[in-house]
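Enquirer: model_5.pdb is the file, holding PDB, C-alpha atoms:
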```pdb
ATOM      1  CA  MET M  85      30.802  17.131 -12.124
ATOM      2  CA  ILE M  86      28.769  17.993  -9.031
ATOM      3  CA  ILE M  87      25.869  15.741 -10.024
ATOM      4  CA  ALA M  88      28.266  12.910 -10.860
ATOM      5  CA  GLY M  89      30.000  13.328  -7.509
ATOM      6  CA  LEU M  90      26.744  13.349  -5.579
ATOM      7  CA  VAL M  91      25.410  10.282  -7.392
ATOM      8  CA  TRP M  92      28.629   8.334  -6.734
ATOM      9  CA  ILE M  93      28.603   9.347  -3.051
ATOM     10  CA  VAL M  94      24.926   8.405  -2.616
ATOM     11  CA  ALA M  95      25.579   5.043  -4.301
ATOM     12  CA  GLY M  96      28.539   4.483  -1.991
ATOM     13  CA  ALA M  97      26.473   5.392   1.088
ATOM     14  CA  ASN M  98      23.664   3.030   0.070
ATOM     15  CA  ILE M  99      26.071   0.158  -0.488
ATOM     16  CA  LEU M 100      27.879   0.923   2.787
ATOM     17  CA  HIS M 101      24.538   0.691   4.580
ATOM     18  CA  ILE M 102      23.979  -2.809   3.145
ATOM     19  CA  GLY M 103      27.552  -3.815   4.015
ATOM     20  CA  ILE M 104      27.185  -2.638   7.609
ATOM     21  CA  ASP M 105      23.828  -4.429   7.965
ATOM     22  CA  CYS M 106      25.485  -7.648   6.816
ATOM     23  CA  TRP M 107      28.503  -7.061   9.032
ATOM     24  CA  LEU M 108      26.249  -6.665  12.085
ATOM     25  CA  SER M 109      24.586  -9.984  11.238
ATOM     26  CA  VAL M 110      27.811 -12.007  11.308
ATOM     27  CA  ASP M 111      30.512 -12.659  13.867
ATOM     28  CA  TYR M 112      33.548 -12.137  11.646
ATOM     29  CA  ASN M 113      36.028  -9.348  12.195
ATOM     30  CA  PHE M 114      38.580 -10.434   9.578
ATOM     31  CA  PHE M 115      36.466  -8.881   6.855
ATOM     32  CA  LEU M 116      38.252  -5.538   7.289
ATOM     33  CA  LEU M 117      41.374  -6.760   5.494
ATOM     34  CA  GLY M 118      39.223  -8.158   2.678
ATOM     35  CA  ALA M 119      37.306  -4.865   2.469
ATOM     36  CA  ILE M 120      40.602  -3.009   2.051
ATOM     37  CA  VAL M 121      41.609  -5.351  -0.780
ATOM     38  CA  VAL M 122      38.213  -4.885  -2.494
ATOM     39  CA  PHE M 123      38.553  -1.109  -2.073
ATOM     40  CA  LEU M 124      42.024  -1.057  -3.613
ATOM     41  CA  VAL M 125      41.043  -3.268  -6.551
ATOM     42  CA  PHE M 126      37.954  -1.238  -7.416
ATOM     43  CA  PHE M 127      39.450   2.179  -6.706
ATOM     44  CA  VAL M 128      42.750   1.647  -8.509
ATOM     45  CA  CYS M 129      41.768  -0.730 -11.316
ATOM     46  CA  VAL M 130      38.176   0.260 -12.101
ATOM     47  CA  PHE M 131      36.942   3.571 -10.704
ATOM     48  CA  ASN M 132      40.148   5.542 -11.243
ATOM     49  CA  LYS M 133      39.988   4.811 -14.972
ATOM     50  CA  MET M 134      36.258   5.546 -15.062
ATOM     51  CA  PHE M 135      36.790   8.817 -13.197
ATOM     52  CA  HIS M 136      39.327  10.113 -15.702
ATOM     53  CA  LYS M 137      37.253   8.964 -18.683
ATOM     54  CA  HIS M 138      34.013  10.536 -17.415
ATOM     55  CA  ARG M 139      35.672  13.692 -16.082
ATOM     56  CA  LEU M 140      37.164  14.355 -19.505
ATOM     57  CA  ARG M 141      33.864  13.684 -21.275
ATOM     58  CA  ILE M 142      31.872  15.868 -18.848
ATOM     59  CA  SER M 143      34.366  18.732 -19.057
ATOM     60  CA  GLN M 144      34.229  18.658 -22.864
ATOM     61  CA  LYS M 145      30.418  18.880 -22.806
ATOM     62  CA  GLY M 146      30.364  22.066 -20.756
ATOM     63  CA  ASP M 147      27.178  23.383 -19.139
ATOM     64  CA  SER M 148      24.899  22.232 -21.946
ATOM     65  CA  SER M 149      25.123  18.573 -20.985
ATOM     66  CA  CYS M 150      22.242  16.481 -19.702
ATOM     67  CA  PRO M 151      22.276  16.264 -15.878
ATOM     68  CA  MET M 152      22.353  12.465 -16.074
ATOM     69  CA  GLY M 153      25.021  12.492 -18.786
ATOM     70  CA  PHE M 154      27.880  11.780 -16.398
ATOM     71  CA  PHE M 155      27.818   8.179 -17.659
ATOM     72  CA  ASP M 156      28.022   7.122 -21.260
ATOM     73  CA  ALA M 157      25.818   4.265 -22.515
ATOM     74  CA  VAL M 158      28.364   1.631 -21.485
ATOM     75  CA  GLY M 159      28.586   3.155 -17.999
ATOM     76  CA  TRP M 160      24.807   2.969 -17.547
ATOM     77  CA  ILE M 161      24.803  -0.659 -18.725
ATOM     78  CA  ILE M 162      27.591  -1.576 -16.305
ATOM     79  CA  MET M 163      25.784   0.168 -13.445
ATOM     80  CA  ALA M 164      22.498  -1.622 -14.242
ATOM     81  CA  PHE M 165      24.315  -4.969 -14.432
ATOM     82  CA  MET M 166      26.096  -4.422 -11.118
ATOM     83  CA  MET M 167      22.867  -3.411  -9.388
ATOM     84  CA  THR M 168      20.984  -6.393 -10.814
ATOM     85  CA  MET M 169      23.714  -8.821  -9.775
ATOM     86  CA  GLY M 170      23.929  -7.326  -6.281
ATOM     87  CA  ILE M 171      20.175  -7.548  -5.754
ATOM     88  CA  ALA M 172      20.037 -11.109  -7.116
ATOM     89  CA  ILE M 173      22.980 -12.272  -4.986
ATOM     90  CA  ARG M 174      21.400 -10.904  -1.818
ATOM     91  CA  HIS M 175      17.845 -11.986  -2.667
ATOM     92  CA  TYR M 176      18.751 -15.576  -3.494
ATOM     93  CA  GLY M 177      21.448 -15.893  -0.825
ATOM     94  CA  LEU M 178      24.152 -16.760  -3.357
ATOM     95  CA  MET M 179      26.959 -15.444  -1.142
ATOM     96  CA  PRO M 180      27.459 -15.640   2.617
ATOM     97  CA  LEU M 181      26.803 -12.503   4.668
ATOM     98  CA  TRP M 182      30.459 -12.150   5.667
ATOM     99  CA  PHE M 183      31.430 -11.933   1.984
ATOM    100  CA  ILE M 184      28.716  -9.376   1.223
ATOM    101  CA  ALA M 185      29.809  -7.314   4.243
ATOM    102  CA  MET M 186      33.432  -7.378   3.128
ATOM    103  CA  PHE M 187      32.749  -6.751  -0.564
ATOM    104  CA  TYR M 188      30.137  -4.034  -0.094
ATOM    105  CA  THR M 189      32.199  -2.165   2.479
ATOM    106  CA  GLY M 190      35.224  -2.012   0.191
ATOM    107  CA  LEU M 191      33.125  -1.186  -2.876
ATOM    108  CA  SER M 192      31.213   1.552  -1.065
ATOM    109  CA  LEU M 193      34.370   3.314   0.034
ATOM    110  CA  ALA M 194      35.768   3.202  -3.503
ATOM    111  CA  LEU M 195      32.501   4.659  -4.857
ATOM    112  CA  ALA M 196      32.347   7.418  -2.251
ATOM    113  CA  ILE M 197      35.970   8.470  -2.688
ATOM    114  CA  THR M 198      35.498   8.567  -6.451
ATOM    115  CA  GLY M 199      32.441  10.763  -5.872
ATOM    116  CA  ILE M 200      34.526  13.091  -3.725
ATOM    117  CA  ARG M 201      37.072  13.273  -6.540
ATOM    118  CA  PHE M 202      34.310  14.381  -8.924
ATOM    119  CA  LEU M 203      33.223  17.077  -6.463
ATOM    120  CA  LEU M 204      36.790  18.296  -6.006
ATOM    121  CA  SER M 205      37.378  18.383  -9.757
ATOM    122  CA  SER M 206      34.300  20.582 -10.249
ATOM    123  CA  ARG M 207      36.163  23.544  -8.737
TER     124      ARG M 207
END
```
What would the structure in this file look like if it were written as C-alpha coordinates?

Expert:
Amino acid sequence: MIIAGLVWIVAGANILHIGIDCWLSVDYNFFLLGAIVVFLVFFVCVFNKMFHKHRLRISQKGDSSCPMGFFDAVGWIIMAFMMTMGIAIRHYGLMPLWFIAMFYTGLSLALAITGIRFLLSSR
(Lines of atoms letter the chains of each structure in order from A and count residues from 1; the text may use other names and numbers.)
(Lines give C-alpha, C1' and ligand atoms only; values in the text may rest on other atoms or scores of the structure.)
Protein backbone atom coordinates (compact mmCIF):
# COMPACT_ATOMS: atom_id res chain seq x y z
CA MET A 1 0.00 0.00 0.00
CA ILE A 2 2.85 2.38 0.82
CA ILE A 3 4.60 1.79 -2.51
CA ALA A 4 1.32 2.20 -4.39
CA GLY A 5 0.61 5.44 -2.53
CA LEU A 6 4.06 6.84 -3.21
CA VAL A 7 3.93 5.94 -6.90
CA TRP A 8 0.51 7.58 -7.32
CA ILE A 9 1.68 10.72 -5.49
CA VAL A 10 4.88 10.96 -7.56
CA ALA A 11 2.85 10.52 -10.76
CA GLY A 12 0.47 13.24 -9.60
CA ALA A 13 3.36 15.59 -8.76
CA ASN A 14 4.99 15.03 -12.16
CA ILE A 15 1.75 15.71 -14.00
CA LEU A 16 1.07 18.78 -11.83
CA HIS A 17 4.49 20.12 -12.80
CA ILE A 18 3.59 19.80 -16.50
CA GLY A 19 0.18 21.39 -15.88
CA ILE A 20 1.70 24.35 -14.05
CA ASP A 21 4.33 24.83 -16.79
CA CYS A 22 1.54 24.97 -19.36
CA TRP A 23 -0.56 27.25 -17.18
CA LEU A 24 2.33 29.71 -16.87
CA SER A 25 2.65 29.76 -20.67
CA VAL A 26 -0.94 30.87 -21.29
CA ASP A 27 -3.05 33.82 -20.25
CA TYR A 28 -6.20 31.95 -19.24
CA ASN A 29 -7.50 31.89 -15.70
CA PHE A 30 -10.79 30.10 -16.41
CA PHE A 31 -8.97 26.78 -16.47
CA LEU A 32 -9.49 26.35 -12.72
CA LEU A 33 -13.16 25.44 -13.13
CA GLY A 34 -12.24 22.97 -15.88
CA ALA A 35 -9.50 21.49 -13.67
CA ILE A 36 -12.06 20.93 -10.92
CA VAL A 37 -14.36 19.13 -13.37
CA VAL A 38 -11.47 16.94 -14.62
CA PHE A 39 -10.52 16.19 -11.00
CA LEU A 40 -14.06 15.16 -10.08
CA VAL A 41 -14.51 12.97 -13.16
CA PHE A 42 -11.22 11.13 -12.68
CA PHE A 43 -11.39 10.91 -8.90
CA VAL A 44 -15.01 9.79 -8.63
CA CYS A 45 -15.47 7.78 -11.83
CA VAL A 46 -12.03 6.28 -12.45
CA PHE A 47 -9.55 6.39 -9.57
CA ASN A 48 -12.02 5.66 -6.77
CA LYS A 49 -12.95 2.37 -8.43
CA MET A 50 -9.30 1.58 -9.15
CA PHE A 51 -8.35 2.37 -5.55
CA HIS A 52 -10.86 -0.08 -4.10
CA LYS A 53 -9.98 -2.78 -6.64
CA HIS A 54 -6.21 -2.49 -6.09
CA ARG A 55 -6.46 -2.02 -2.32
CA LEU A 56 -8.41 -5.27 -2.04
CA ARG A 57 -5.98 -7.13 -4.29
CA ILE A 58 -2.91 -5.79 -2.44
CA SER A 59 -4.37 -6.58 0.98
CA GLN A 60 -5.13 -10.15 -0.10
CA LYS A 61 -1.53 -10.65 -1.27
CA GLY A 62 -0.03 -9.73 2.08
CA ASP A 63 3.69 -9.03 2.52
CA SER A 64 4.80 -11.59 -0.05
CA SER A 65 3.67 -9.50 -3.01
CA CYS A 66 5.98 -8.00 -5.61
CA PRO A 67 6.75 -4.33 -4.82
CA MET A 68 5.46 -3.30 -8.25
CA GLY A 69 2.38 -5.53 -7.94
CA PHE A 70 0.07 -2.70 -6.94
CA PHE A 71 -1.28 -2.75 -10.51
CA ASP A 72 -2.61 -5.78 -12.29
CA ALA A 73 -1.75 -6.33 -15.97
CA VAL A 74 -4.68 -4.21 -17.15
CA GLY A 75 -3.62 -1.39 -14.82
CA TRP A 76 -0.09 -1.38 -16.25
CA ILE A 77 -1.48 -1.34 -19.80
CA ILE A 78 -3.78 1.58 -19.00
CA MET A 79 -0.92 3.49 -17.37
CA ALA A 80 1.37 2.89 -20.37
CA PHE A 81 -1.38 4.00 -22.76
CA MET A 82 -2.11 7.16 -20.78
CA MET A 83 1.58 8.07 -20.61
CA THR A 84 2.07 7.43 -24.33
CA MET A 85 -0.96 9.52 -25.25
CA GLY A 86 0.10 12.36 -22.95
CA ILE A 87 3.61 12.45 -24.38
CA ALA A 88 2.33 12.28 -27.97
CA ILE A 89 -0.27 15.02 -27.40
CA ARG A 90 2.34 17.37 -25.95
CA HIS A 91 5.09 16.47 -28.43
CA TYR A 92 2.95 16.94 -31.53
CA GLY A 93 0.97 19.88 -30.16
CA LEU A 94 -2.37 18.12 -30.59
CA MET A 95 -4.05 20.14 -27.83
CA PRO A 96 -3.72 23.80 -26.88
CA LEU A 97 -1.67 24.65 -23.78
CA TRP A 98 -4.71 25.94 -21.88
CA PHE A 99 -6.38 22.53 -22.27
CA ILE A 100 -3.25 20.67 -21.15
CA ALA A 101 -2.94 22.99 -18.15
CA MET A 102 -6.55 22.42 -17.17
CA PHE A 103 -6.57 18.66 -17.79
CA TYR A 104 -3.21 17.92 -16.18
CA THR A 105 -3.95 20.00 -13.10
CA GLY A 106 -7.21 18.18 -12.45
CA LEU A 107 -5.72 14.78 -13.24
CA SER A 108 -2.69 15.37 -11.03
CA LEU A 109 -4.81 16.25 -8.02
CA ALA A 110 -6.94 13.13 -8.51
CA LEU A 111 -3.78 10.99 -8.73
CA ALA A 112 -2.19 12.55 -5.65
CA ILE A 113 -5.31 12.26 -3.50
CA THR A 114 -5.70 8.63 -4.54
CA GLY A 115 -2.06 8.10 -3.53
CA ILE A 116 -2.78 9.64 -0.15
CA ARG A 117 -5.71 7.26 0.23
CA PHE A 118 -3.36 4.32 -0.38
CA LEU A 119 -0.97 5.64 2.26
CA LEU A 120 -3.78 6.14 4.77
CA SER A 121 -5.15 2.66 4.11
CA SER A 122 -1.73 1.11 4.84
CA ARG A 123 -2.19 1.83 8.55

Enquirer: List, as a short mmCIF file (atom, residue, chain, number, x, y, z; two decimals) with C-alpha atoms, in the coordinates of the input, every residue that the PyMOL selection byres ((chain M and resi 154-170) around 7) selects in the file provided.

Expert:
```cif
data_model
loop_
_atom_site.label_atom_id
_atom_site.label_comp_id
_atom_site.auth_asym_id
_atom_site.auth_seq_id
_atom_site.Cartn_x
_atom_site.Cartn_y
_atom_site.Cartn_z
CA ALA M 88 28.27 12.91 -10.86
CA HIS M 138 34.01 10.54 -17.42
CA ILE M 142 31.87 15.87 -18.85
CA MET M 152 22.35 12.46 -16.07
CA GLY M 153 25.02 12.49 -18.79
CA ILE M 171 20.18 -7.55 -5.75
CA ALA M 172 20.04 -11.11 -7.12
CA ILE M 173 22.98 -12.27 -4.99
CA ARG M 174 21.40 -10.90 -1.82
#
```

Enquirer: CA of Phe126 (chain M) and CA of Asn98 (chain M) are how many Å apart?

Expert: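 Going from CA of Phe126 (chain M) over to CA of Asn98 (chain M) covers 16.7 Å.
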
Enquirer: Expand the PyMOL selection byres ((chain M and resi 121) around 12) into the explicit residue set it covers here, and present it as JSON, numbers by chain.

Expert: {"M": [114, 115, 116, 117, 118, 119, 120, 122, 123, 124, 125, 126, 127, 128, 129, 186, 187, 188, 189, 190, 191, 193, 194]}

Enquirer: Write the residues of the selection above to a file with C-alpha atoms, as a PDB file, keeping the file's coordinate frame.

Expert:
```
ATOM      1  CA  PHE M 114      38.580 -10.434   9.578  1.00  0.00           C
ATOM      2  CA  PHE M 115      36.466  -8.881   6.855  1.00  0.00           C
ATOM      3  CA  LEU M 116      38.252  -5.538   7.289  1.00  0.00           C
ATOM      4  CA  LEU M 117      41.374  -6.760   5.494  1.00  0.00           C
ATOM      5  CA  GLY M 118      39.223  -8.158   2.678  1.00  0.00           C
ATOM      6  CA  ALA M 119      37.306  -4.865   2.469  1.00  0.00           C
ATOM      7  CA  ILE M 120      40.602  -3.009   2.051  1.00  0.00           C
ATOM      8  CA  VAL M 122      38.213  -4.885  -2.494  1.00  0.00           C
ATOM      9  CA  PHE M 123      38.553  -1.109  -2.073  1.00  0.00           C
ATOM     10  CA  LEU M 124      42.024  -1.057  -3.613  1.00  0.00           C
ATOM     11  CA  VAL M 125      41.043  -3.268  -6.551  1.00  0.00           C
ATOM     12  CA  PHE M 126      37.954  -1.238  -7.416  1.00  0.00           C
ATOM     13  CA  PHE M 127      39.450   2.179  -6.706  1.00  0.00           C
ATOM     14  CA  VAL M 128      42.750   1.647  -8.509  1.00  0.00           C
ATOM     15  CA  CYS M 129      41.768  -0.730 -11.316  1.00  0.00           C
ATOM     16  CA  MET M 186      33.432  -7.378   3.128  1.00  0.00           C
ATOM     17  CA  PHE M 187      32.749  -6.751  -0.564  1.00  0.00           C
ATOM     18  CA  TYR M 188      30.137  -4.034  -0.094  1.00  0.00           C
ATOM     19  CA  THR M 189      32.199  -2.165   2.479  1.00  0.00           C
ATOM     20  CA  GLY M 190      35.224  -2.012   0.191  1.00  0.00           C
ATOM     21  CA  LEU M 191      33.125  -1.186  -2.876  1.00  0.00           C
ATOM     22  CA  LEU M 193      34.370   3.314   0.034  1.00  0.00           C
ATOM     23  CA  ALA M 194      35.768   3.202  -3.503  1.00  0.00           C
TER      24      ALA M 194
END
```

Enquirer: I need the residue nearest Cys106 (chain M) from this list: M:Leu203, M:Leu181, M:Ala196, M:Val94. Use all atoms listed in the file for the distance.

Expert: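 Going through M:Leu203, M:Leu181, M:Ala196, M:Val94 one by one, the smallest distance to Cys106 (chain M) is for M:Leu181.
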
Enquirer: Go through M:Trp107, M:Phe183, M:Phe202, M:Trp92 one by one, measure the shortest atom-to-atom distance of each to Arg139 (chain M) using only C-alpha atoms, and give the residue with the smallest value.

Expert: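 Among M:Trp107, M:Phe183, M:Phe202, M:Trp92, it is M:Phe202 that comes nearest to Arg139 (chain M).
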
Enquirer: From the options M:Leu178, M:Phe131, M:Ser109, M:Ile87, which residue's atoms come nearest to Leu195 (chain M), counting only C-alpha atoms?

Expert: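 Distance minimum relative to Leu195 (chain M) lands on M:Phe131.
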
Enquirer: Tell me, in Å to one decimal, how far CA of Arg141 (chain M) is from CA of Gly199 (chain M).

Expert: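 Here the two named atoms are 15.7 Å from each other.
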
Enquirer: Using CA of Leu140 (chain M) and CA of Val91 (chain M) as the two end points, give the distance in Å to one decimal.

Expert: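 We find that CA of Leu140 (chain M) and CA of Val91 (chain M) lie 17.4 Å from each other.
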
Enquirer: Around all of region 160-173 of chain M's listed atoms, make the axis-aligned box with 3 Å on each side and tell me centre and edge lengths in Å to one decimal, as AutoDock Vina command-line options.

Expert:
```
--center_x 23.8 --center_y -4.7 --center_z -11.9 --size_x 13.6 --size_y 21.2 --size_z 19.7
```

Enquirer: Return region 159-181 of chain M, completed with N, CA and C atoms, as an mmCIF file, keeping the file's coordinate frame.

Expert:
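Writing done, so here's rebuild-v3.cif:
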```
data_model
loop_
_atom_site.group_PDB
_atom_site.id
_atom_site.type_symbol
_atom_site.label_atom_id
_atom_site.label_comp_id
_atom_site.auth_asym_id
_atom_site.auth_seq_id
_atom_site.Cartn_x
_atom_site.Cartn_y
_atom_site.Cartn_z
ATOM 1 N N GLY M 159 28.591 2.933 -19.446
ATOM 2 C CA GLY M 159 28.586 3.155 -17.999
ATOM 3 C C GLY M 159 27.232 2.839 -17.377
ATOM 4 N N TRP M 160 26.155 3.264 -18.049
ATOM 5 C CA TRP M 160 24.807 2.969 -17.547
ATOM 6 C C TRP M 160 24.533 1.475 -17.585
ATOM 7 N N ILE M 161 25.002 0.795 -18.621
ATOM 8 C CA ILE M 161 24.803 -0.659 -18.725
ATOM 9 C C ILE M 161 25.565 -1.373 -17.611
ATOM 10 N N ILE M 162 26.800 -0.968 -17.368
ATOM 11 C CA ILE M 162 27.591 -1.576 -16.305
ATOM 12 C C ILE M 162 26.923 -1.349 -14.952
ATOM 13 N N MET M 163 26.444 -0.122 -14.714
ATOM 14 C CA MET M 163 25.784 0.168 -13.445
ATOM 15 C C MET M 163 24.528 -0.691 -13.275
ATOM 16 N N ALA M 164 23.714 -0.805 -14.315
ATOM 17 C CA ALA M 164 22.498 -1.622 -14.242
ATOM 18 C C ALA M 164 22.842 -3.089 -13.986
ATOM 19 N N PHE M 165 23.886 -3.581 -14.637
ATOM 20 C CA PHE M 165 24.315 -4.969 -14.432
ATOM 21 C C PHE M 165 24.777 -5.191 -12.998
ATOM 22 N N MET M 166 25.600 -4.277 -12.482
ATOM 23 C CA MET M 166 26.096 -4.422 -11.118
ATOM 24 C C MET M 166 24.959 -4.386 -10.103
ATOM 25 N N MET M 167 24.003 -3.491 -10.307
ATOM 26 C CA MET M 167 22.867 -3.411 -9.388
ATOM 27 C C MET M 167 22.032 -4.689 -9.444
ATOM 28 N N THR M 168 21.773 -5.168 -10.648
ATOM 29 C CA THR M 168 20.984 -6.393 -10.814
ATOM 30 C C THR M 168 21.669 -7.578 -10.162
ATOM 31 N N MET M 169 22.972 -7.710 -10.378
ATOM 32 C CA MET M 169 23.714 -8.821 -9.775
ATOM 33 C C MET M 169 23.727 -8.714 -8.239
ATOM 34 N N GLY M 170 23.922 -7.511 -7.731
ATOM 35 C CA GLY M 170 23.929 -7.326 -6.281
ATOM 36 C C GLY M 170 22.595 -7.679 -5.645
ATOM 37 N N ILE M 171 21.513 -7.238 -6.271
ATOM 38 C CA ILE M 171 20.175 -7.548 -5.754
ATOM 39 C C ILE M 171 19.919 -9.048 -5.827
ATOM 40 N N ALA M 172 20.269 -9.666 -6.951
ATOM 41 C CA ALA M 172 20.037 -11.109 -7.116
ATOM 42 C C ALA M 172 20.859 -11.920 -6.119
ATOM 43 N N ILE M 173 22.115 -11.544 -5.919
ATOM 44 C CA ILE M 173 22.980 -12.272 -4.986
ATOM 45 C C ILE M 173 22.426 -12.205 -3.572
ATOM 46 N N ARG M 174 21.960 -11.031 -3.168
ATOM 47 C CA ARG M 174 21.400 -10.904 -1.818
ATOM 48 C C ARG M 174 20.045 -11.592 -1.711
ATOM 49 N N HIS M 175 19.196 -11.417 -2.707
ATOM 50 C CA HIS M 175 17.845 -11.986 -2.667
ATOM 51 C C HIS M 175 17.860 -13.506 -2.618
ATOM 52 N N TYR M 176 18.704 -14.120 -3.417
ATOM 53 C CA TYR M 176 18.751 -15.576 -3.494
ATOM 54 C C TYR M 176 19.794 -16.201 -2.566
ATOM 55 N N GLY M 177 20.472 -15.374 -1.779
ATOM 56 C CA GLY M 177 21.448 -15.893 -0.825
ATOM 57 C C GLY M 177 22.605 -16.628 -1.483
ATOM 58 N N LEU M 178 23.093 -16.089 -2.603
ATOM 59 C CA LEU M 178 24.152 -16.760 -3.357
ATOM 60 C C LEU M 178 25.536 -16.600 -2.729
ATOM 61 N N MET M 179 25.686 -15.664 -1.833
ATOM 62 C CA MET M 179 26.959 -15.444 -1.142
ATOM 63 C C MET M 179 26.688 -15.340 0.353
ATOM 64 N N PRO M 180 27.642 -15.762 1.166
ATOM 65 C CA PRO M 180 27.459 -15.640 2.617
ATOM 66 C C PRO M 180 27.504 -14.171 3.056
ATOM 67 N N LEU M 181 26.870 -13.884 4.182
ATOM 68 C CA LEU M 181 26.803 -12.503 4.668
ATOM 69 C C LEU M 181 28.181 -11.904 4.922
#
```
